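First up is the structure itself, then whatever we jot down about it.
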Amino acid sequence: MKKLSRFIGYFVIITSFAFSISFAQKVETIDGVRVVHNGKTGKWGKNSKLSLELVRTIGTIEAENDNFLFYMPTDIALDSQGNIYILDSGNHRVQKFTPDGQYITTIGNKGQGPAEFIYPMSLDVDSKGYLHISDPGNQRVQILKPDGKDYKTISFAKDPAGILRVSESGHMIMGRKAGFFNISMQSLEEKEELPKIIRVLNSDGNVERSFGEQRNYKDFLINRVGNRFHFAIDKDKNSYVAFDYQNRIEKYSIDGKILWKADRELNYSTDPPKTKSNIKRSGGMVSMQEPEMNRCSNGIAVDNKGRIWIVALKRQIKEEEKVNIAVRVTMGAGGARSVGMSVGGNTDVRETDVYQLEVYAPGGILLGKLPLNHFVDDIRIINNRLFLLDSMRGAQYYEYNIIEN
């Protein structure tokens with residue numbers, strides 16, 4: 001009987017150990033930085049402590065009302081009253097809605113004057129209700145009053161404007177974007193040292209500091225694709241970065257100190273392609289084909305409890321699910337530039353099992369995953385309202401409530 005009891009005791013210990021391993025995360029310190037290696041399964045296991053409740057969708061590609069007919073929307077922001085601002089990039093405008101999604105007004109149109117845009121990239125609303133709009137097509141950031149009238153323009157002729165967020169102190173946190181507006185013959189050359197990915201700018205647009213490292217693949221186009229990322233800031237002005245094509249999540253303090261790094265076990269590889277870039281030069285013309293790389297994330301946000309939410313891919317998108325953006329740039333007399341963009345591919349497919357939301361604790365530990373049934377191109381969480389963007393297929397935002405189970 002004693003031998004049997006001892007055997008049962010051993011069995012219980014071994015079983016418990018195996019159970020803990022399946023949910024374990026390895027945490028180590030490398031060069032003074034906390035690094036978290038997460039497994040496929042989060043700390044919550046199969047019993048998620050969060051769920052999502054769909055509140056509404058705003059916009060659709062089939063809308064009969066032009067005010068809800070978006071084309072390549074790229075960003076969303078809320079003011080202190082909860083009004084919703086959607087950056088309708090392909091229509092070169094900002095659409096303002098009530099907190100419950102009713103149309104209020106349109107701000108801007110296509111052009112180069114005040115409150116005019118050329119495929120604007122990003123927007124945010126500061127504590128005074130002023131709109132900050134990244135407009136790289138016009139090489140500037142425009143700051144508009146709450147009524148949409150011009151307040152200030154900041155030029156970004158030398159270092160192109162990127163995705164921006166505005167902190168409570170009024171600083172602009174700007175992420176470097178590998179866009180089509182900032183390609184030059186000089187930029188095609190390989191560089192030993194790549195620029196930092198995040199810039200902190202004061203209200204006049206002067207850079208106070210920059211931080212965040214790119215991975216140097218020693219190839220222009222692989223660098224361009226492989227270092228694309230999404231980022232978010234929290235109420236304490238910390239920055240969170242999720243790389244689209246690298247298994248790499250990072251948190252930085254406002255002074256640029258890296259606080260931790262994290263990765264997770266994936267169902268696919270994120271190794272760089274083995275072939276070099278395909279760039280052809282003919283006179284002043286340049287043609288290029290970006291490399292195919294496995295994407296692992298598509299957005300990052302932080303909720304009011306400091307949890308990090310990442311739009312992650314469970315698998316790669318199938319050929320029949322793919323869409324693309326065609327860009328046409330023509331130069332006219334005197335160097336005037338005309339840009340056109342259009343969406344191609346199978347835009348009729350709206351539902352998919354590709355995406356899920358990964359939820360991380362403030363320290364980088366994976367907590368759990370929530371499945372999604374539609375395409376997602378970005379995420380924002382504002383005052384615990386969670387917005388998921390389907391930019392190129394449905395051309396709409398999904399709003400969800402975060403439910404604590």
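Letters A, B, ... mark the chains of the structure tokens in the order given; residue numbers begin at 1 per chain; ligand numbers begin at 1, in order shown.
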Shell of 9 Å around Glu404 in chain A, only C-alpha atoms, local chain residues under 6 positions omitted, as a CSV table (one decimal) with C-alpha atoms, in the first residue's frame:
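The file below, out_27.csv, is the result:
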chain,number,residue,atom,x,y,z
A,49,LYS,CA,-11.1,36.2,-18.6
A,50,LEU,CA,-12.2,38.5,-21.4
A,51,SER,CA,-14.7,38.5,-24.2
A,52,LEU,CA,-15.9,41.0,-26.9
Checklist line | DSSP strand (DSSP E) residues within range 27-61 of chain A, as a ChimeraX atom specification | finding: /A:27-30,33-38,50-58
Check: Pick from A:Lys43, A:Lys218, A:Lys274, A:Arg165: nearest to His230 in chain A, with only C-alpha atoms counted?
Finding: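 Between A:Lys43, A:Lys218, A:Lys274, A:Arg165, the residue approaching His230 in chain A most closely is A:Arg165.
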Item checked: Counting only C-alpha atoms, the option among A:Pro114, A:Gly137, A:Pro273, A:Gly226 closest to Ala157 in chain A ->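 Checking each of A:Pro114, A:Gly137, A:Pro273, A:Gly226 against Ala157 in chain A, counting only C-alpha atoms, the winner is A:Gly137.
Interatomic distance, CA of Lys276 in chain A to CA of Asp219 in chain A: 6.8 Å.
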Note to self: When DSSP is applied to the backbone of this structure, which of range 112-301 of chain A are assigned alpha helix (DSSP H)? Write them out as a list in words.
What the structure shows: Phe220, Leu221, Ile222, Asn223, Arg224, Val225 and Gly226 of chain A
Note to self: With distances taken over only C-alpha atoms, which residue among A:Gly162, A:Gly32, A:Gly306, A:Gly111 lies nearest Arg228 in chain A?
What the structure shows: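 Of A:Gly162, A:Gly32, A:Gly306, A:Gly111, the one nearest Arg228 in chain A, counting only C-alpha atoms, is A:Gly162.
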